[in-house]
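First up is the structure itself, then whatever we jot down about it.
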Amino acid sequence: TSLTNVAAWFTDSNRPVLYRLPLGRGGKLPPADGFTTLPLTGDFQQTGTGVNLNGIAPTPDGRALIVVQSNTGTLFRVGPATGVTTAVDVPGATFLNGDGLLLLGRRLYVVQNFLNQVAVVDLNRAGTAGVARGVITDPGFDVPTTVAAAFGRLYLPNGRFTTPPTPTTPYTVVAVDAR
């Protein structure tokens with residue numbers, strides 16, 4: 001999910017579309033059926049196996065969206081009016097198992113759930129290219145799924161997808177320094 005000034009955006013891991021839920025005055029939500037579907041074209045190609053699109057965030061200039069295709073490890077820039085996608089050029093980097101995305105300034109954090117890491121990418125203003133700056137790991141990661149930021153730290157909930165759930169299975173959030 002990504003929230004812009006005018007809409008909330010959602011990916012669909014099983015279809016090559018984005019969903020747009022427009023926001024009214026003061027962030028008011030429309031009726032439940034007030035969403036629109038944006039078909040994706042261009043560089044992005046839906047594959048038949050695994051999770052396709054997962055995370056979503058705005059570009060640094062706020063004019064487009066960035067999504068990650070989990071099963072190919074590719075970032076795409078999406079035109080929000082057209083649905084046209086272009087691969088984001090990040091030389092030497094892949095974002096397999098990409099899940100939650102968080103943009104802080106021009107820095108994009110890509111949660112790579114089953115890899116138990118967060119890739120750090122500095123994007124250009126338009127979100128068309130970036131430079132990989134490394135990964136963040138923590139021994140407390142147990143398949144983190146998304147990320148939020150507060151007070152200079154990143155907070156990642158553990159999905160624990162490799163742990164059979166029971167009524168008493170504990171779930172945790174791990175805090176790491178943003179860099």
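Residues in the structure tokens are named by chain (A, B, ... in the order shown) and by number from 1 within that chain; ligands are numbered from 1 in the order shown.
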
*Please identify all polymer residues within 10 Å of range 107-116 of chain A, counting only C-alpha atoms, omitting same-chain residues fewer than 6 positions from it, and present them as a ChimeraX atom specification.*
/A:55-60,66-68,70,73,75,95-101,122-124,127,130-133,135-148,154,156,158-162,178-179

*Enumerate as a PyMOL selection string all residues of chain A assigned to strand (DSSP E or B) by DSSP on the backbone, naming them with the chain letters and numbers the document uses.*
chain A and resi 2-3+7-11+17-22+36-39+41-42+53-58+65-69+74-78+84-87+89+98-104+107-112+117-123+129-136+144+148-150+153-158+173-177

*Close residues, range 16-21 of chain A itself excluded, 6 Å, only C-alpha atoms, min 2 positions apart in chain, as JSON, numbers by chain*: {"A": [7, 8, 9, 10, 11, 35, 36, 37, 38, 39, 40, 46]}
